[in-house]
Structures are given as structure tokens and as C-alpha cells.
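Visitor: Submitted below is the structure of interest, expressed as C-alpha cells.
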Amino acid sequence: MDLISQIRYKAGLKDATIVLPESTDPRVIKAASFLVGEGICKVMLVGNREESEKIAKKENISINEEVSFVNYDTFPQAEELAERLYERRKHKGLTLEATAPLLRENAVFFAASLLANDHVNGCVAGSVFTTGDVLRAAIQVIGLKPESKIVSSVFLLHTHDE
């Protein structure tokens, strides 16, 4: 079994929900449908279903009905997310009034907040957001382990031999 097959198999055993904050990228929409269709994980896209469906239709992509959508304005615990982020970042000057707009307007910060507060099991981003954007959200919203001083990332690209 190759590496990608092993990852898919092990991920499918976890029954995890993964949030993808870049719901307007056709590649992300396609990946979300694939992941759900293959039973690899549950997927939550940050954004508006109708907007993603327009993009999907234009790109001839079918969105799996099991892909869920979430956004700050309709999320039942949105206020709780804002309060927790405020408590975490107030020492850096973040005000309570600024947290809701930050989470509403920045999908990667909202996705990181969902992860930090155990609403999802993981977050994958970086097709639209830069590495710096993703790391900034992760560090500010989730943080590092106290003993960690180094941040690292990985990029895995699988190409098909045809």
C-alpha cells in the first residue's frame, strides 16, 4: 500500500470532521466532495453553500450533499468563540468588539477557532491563504505547546503516473 493509500485508510478509521476555510476555491470544493464520497472524513466548508454551488456549477463539480457549510453569523456558539479568542488575545491588545468581525471576515481564523474549541478535529488550509496567514491564525487562535519554540509545516503532493 502506497503512502497516500495508507493515509486515506487511517483517516477513514477516525470518523473525523475536517474544516476547510477556502470554500470558493474549486479545488477545495472538489476535494471536499471527494473526501466525503470516499468516506475519508466529514467535511465542513466555511462559507456560503450557494456561493460554492455557483462556483462548482461553473467548474462542472458536484458538491456532495453530505458536505456541510458553516459561517460565523449562523454558528450557534459564535459568541462563545469570540469570547474565548478575546480571552486568549486580550494581552496583545485584541478587544472584545474586534473579535466577532475578525472571525466573521477571516475564514481561516474562524476555522482555527472551530478547531481550538473542539467543534472539528482538524483544519486544512493553504490553497488561497498563504502559509503565513494559516500559521498566524493557528498560532494566535490555537497556540503552541508551552515547550515548543519552532513552527513547522509540511506539503505533500501526490501526482498520478499515467
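Each chain of the C-alpha cells is named A, B, ... in the order shown, its residues numbered from 1; ligands are numbered from 1 in display order.
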Excluding Gly126 of chain A and any residue of its chain fewer than 5 positions from it, enumerate the residues within 12 Å of it, using only C-alpha atoms, and give them as a VMD selection string.
Guide: chain A and resid 20 to 23 25 27 to 28 107 to 108 131 to 137 153 to 155
Visitor: Going by DSSP on the backbone, which residues of segment 21-136 of chain A come out as alpha helix (DSSP H)? List them as a short mmCIF file (atom, residue, chain, number, x, y, z; two decimals) with C-alpha atoms, in the first residue's frame.
Guide:
data_model
loop_
_atom_site.label_atom_id
_atom_site.label_comp_id
_atom_site.auth_asym_id
_atom_site.auth_seq_id
_atom_site.Cartn_x
_atom_site.Cartn_y
_atom_site.Cartn_z
CA PRO A 26 -12.82 24.94 -6.96
CA ARG A 27 -10.00 22.60 -5.88
CA VAL A 28 -11.22 22.74 -2.28
CA ILE A 29 -14.84 22.14 -3.31
CA LYS A 30 -13.75 19.13 -5.36
CA ALA A 31 -11.59 17.82 -2.52
CA ALA A 32 -14.44 18.21 -0.01
CA SER A 33 -16.78 16.14 -2.17
CA PHE A 34 -14.09 13.54 -2.75
CA LEU A 35 -13.23 13.19 0.94
CA VAL A 36 -16.88 12.75 1.94
CA GLY A 37 -17.65 10.49 -1.03
CA ARG A 49 -23.34 26.96 0.23
CA GLU A 50 -24.99 28.93 -2.59
CA GLU A 51 -21.76 30.74 -3.45
CA SER A 52 -19.81 27.47 -3.50
CA GLU A 53 -22.52 25.81 -5.59
CA LYS A 54 -22.28 28.60 -8.20
CA ILE A 55 -18.53 28.07 -8.43
CA ALA A 56 -18.96 24.30 -8.54
CA LYS A 57 -21.52 24.53 -11.34
CA LYS A 58 -19.24 26.83 -13.36
CA ALA A 78 -20.27 32.12 17.63
CA GLU A 79 -20.37 34.41 20.65
CA GLU A 80 -18.54 31.79 22.72
CA LEU A 81 -15.81 31.55 20.05
CA ALA A 82 -15.40 35.33 20.10
CA GLU A 83 -15.19 35.44 23.89
CA ARG A 84 -12.58 32.67 24.02
CA LEU A 85 -10.46 34.32 21.35
CA TYR A 86 -10.71 37.62 23.22
CA GLU A 87 -9.56 35.96 26.46
CA ARG A 88 -6.65 34.38 24.62
CA ARG A 89 -5.52 37.55 22.83
CA LEU A 96 -13.88 42.01 22.56
CA GLU A 97 -15.52 44.28 19.97
CA ALA A 98 -12.91 43.29 17.37
CA THR A 99 -13.19 39.51 17.77
CA ALA A 100 -16.55 38.98 16.05
CA PRO A 101 -15.54 40.95 12.93
CA LEU A 102 -12.23 39.09 12.81
CA LEU A 103 -13.94 35.70 12.95
CA ARG A 104 -16.70 36.78 10.56
CA GLU A 105 -14.37 38.23 7.93
CA ALA A 107 -12.36 32.29 7.36
CA VAL A 108 -9.02 30.84 8.47
CA PHE A 109 -9.33 32.48 11.91
CA PHE A 110 -12.90 31.18 12.19
CA ALA A 111 -11.76 27.69 11.15
CA ALA A 112 -8.91 27.79 13.68
CA SER A 113 -11.42 28.83 16.36
CA LEU A 114 -13.64 25.86 15.49
CA LEU A 115 -10.62 23.60 15.96
CA ALA A 116 -9.40 25.29 19.14
CA THR A 131 1.36 29.82 4.68
CA GLY A 132 1.86 32.94 6.79
CA ASP A 133 -1.92 33.52 7.00
CA VAL A 134 -2.53 29.93 8.09
CA LEU A 135 0.30 29.89 10.63
CA ARG A 136 -0.70 33.28 12.03
#
Visitor: Excluding same-chain residues fewer than 6 positions from Ile18 of chain A, what lies within 6 Å of it counting only C-alpha atoms, as a list in words?
Guide: Val43, Val120, Asn121, Gly122 and Cys123 of chain A
Visitor: Those same residues, written as a compact mmCIF listing (two decimals), in the first residue's frame with N, CA, C and O atoms?
Guide:
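Saved to selection_8.txt:
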# COMPACT_ATOMS: atom_id res chain seq x y z
N VAL A 43 -16.67 16.66 6.18
CA VAL A 43 -16.08 17.93 5.79
C VAL A 43 -17.05 19.06 6.06
O VAL A 43 -18.24 18.97 5.76
N VAL A 120 -14.41 20.77 15.58
CA VAL A 120 -13.90 19.93 14.49
C VAL A 120 -12.62 19.25 14.97
O VAL A 120 -12.05 19.62 16.00
N ASN A 121 -12.17 18.27 14.21
CA ASN A 121 -10.97 17.52 14.58
C ASN A 121 -9.70 18.00 13.88
O ASN A 121 -8.60 17.63 14.27
N GLY A 122 -9.88 18.78 12.83
CA GLY A 122 -8.72 19.25 12.10
C GLY A 122 -9.10 20.35 11.13
O GLY A 122 -10.28 20.56 10.84
N CYS A 123 -8.10 21.04 10.64
CA CYS A 123 -8.29 22.14 9.69
C CYS A 123 -7.21 22.01 8.62
O CYS A 123 -6.03 21.79 8.94
Visitor: So the first atom is atom CA of Tyr72 of chain A and the second is atom CA of Leu144 of chain A; what is the distance between them in Å, to one decimal place?
Guide: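 About the pair atom CA of Tyr72 of chain A and atom CA of Leu144 of chain A: they are 24.3 Å apart.
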Visitor: Can you tell me which residues surround Lys42 of chain A at a distance of at most 8 Å, considering only C-alpha atoms, apart from same-chain residues fewer than 2 positions away, and format the answer as a list in words?
Guide: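 Those residues are Asp15, Ala16, Thr17, Ile18, Leu35, Val36, Gly39, Ile40, Met44, Glu66 and Val67 of chain A.
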Visitor: Any idea what the distance is between atom CA of Gln140 of chain A and atom CA of Lys92 of chain A?
Guide: 9.8 Å
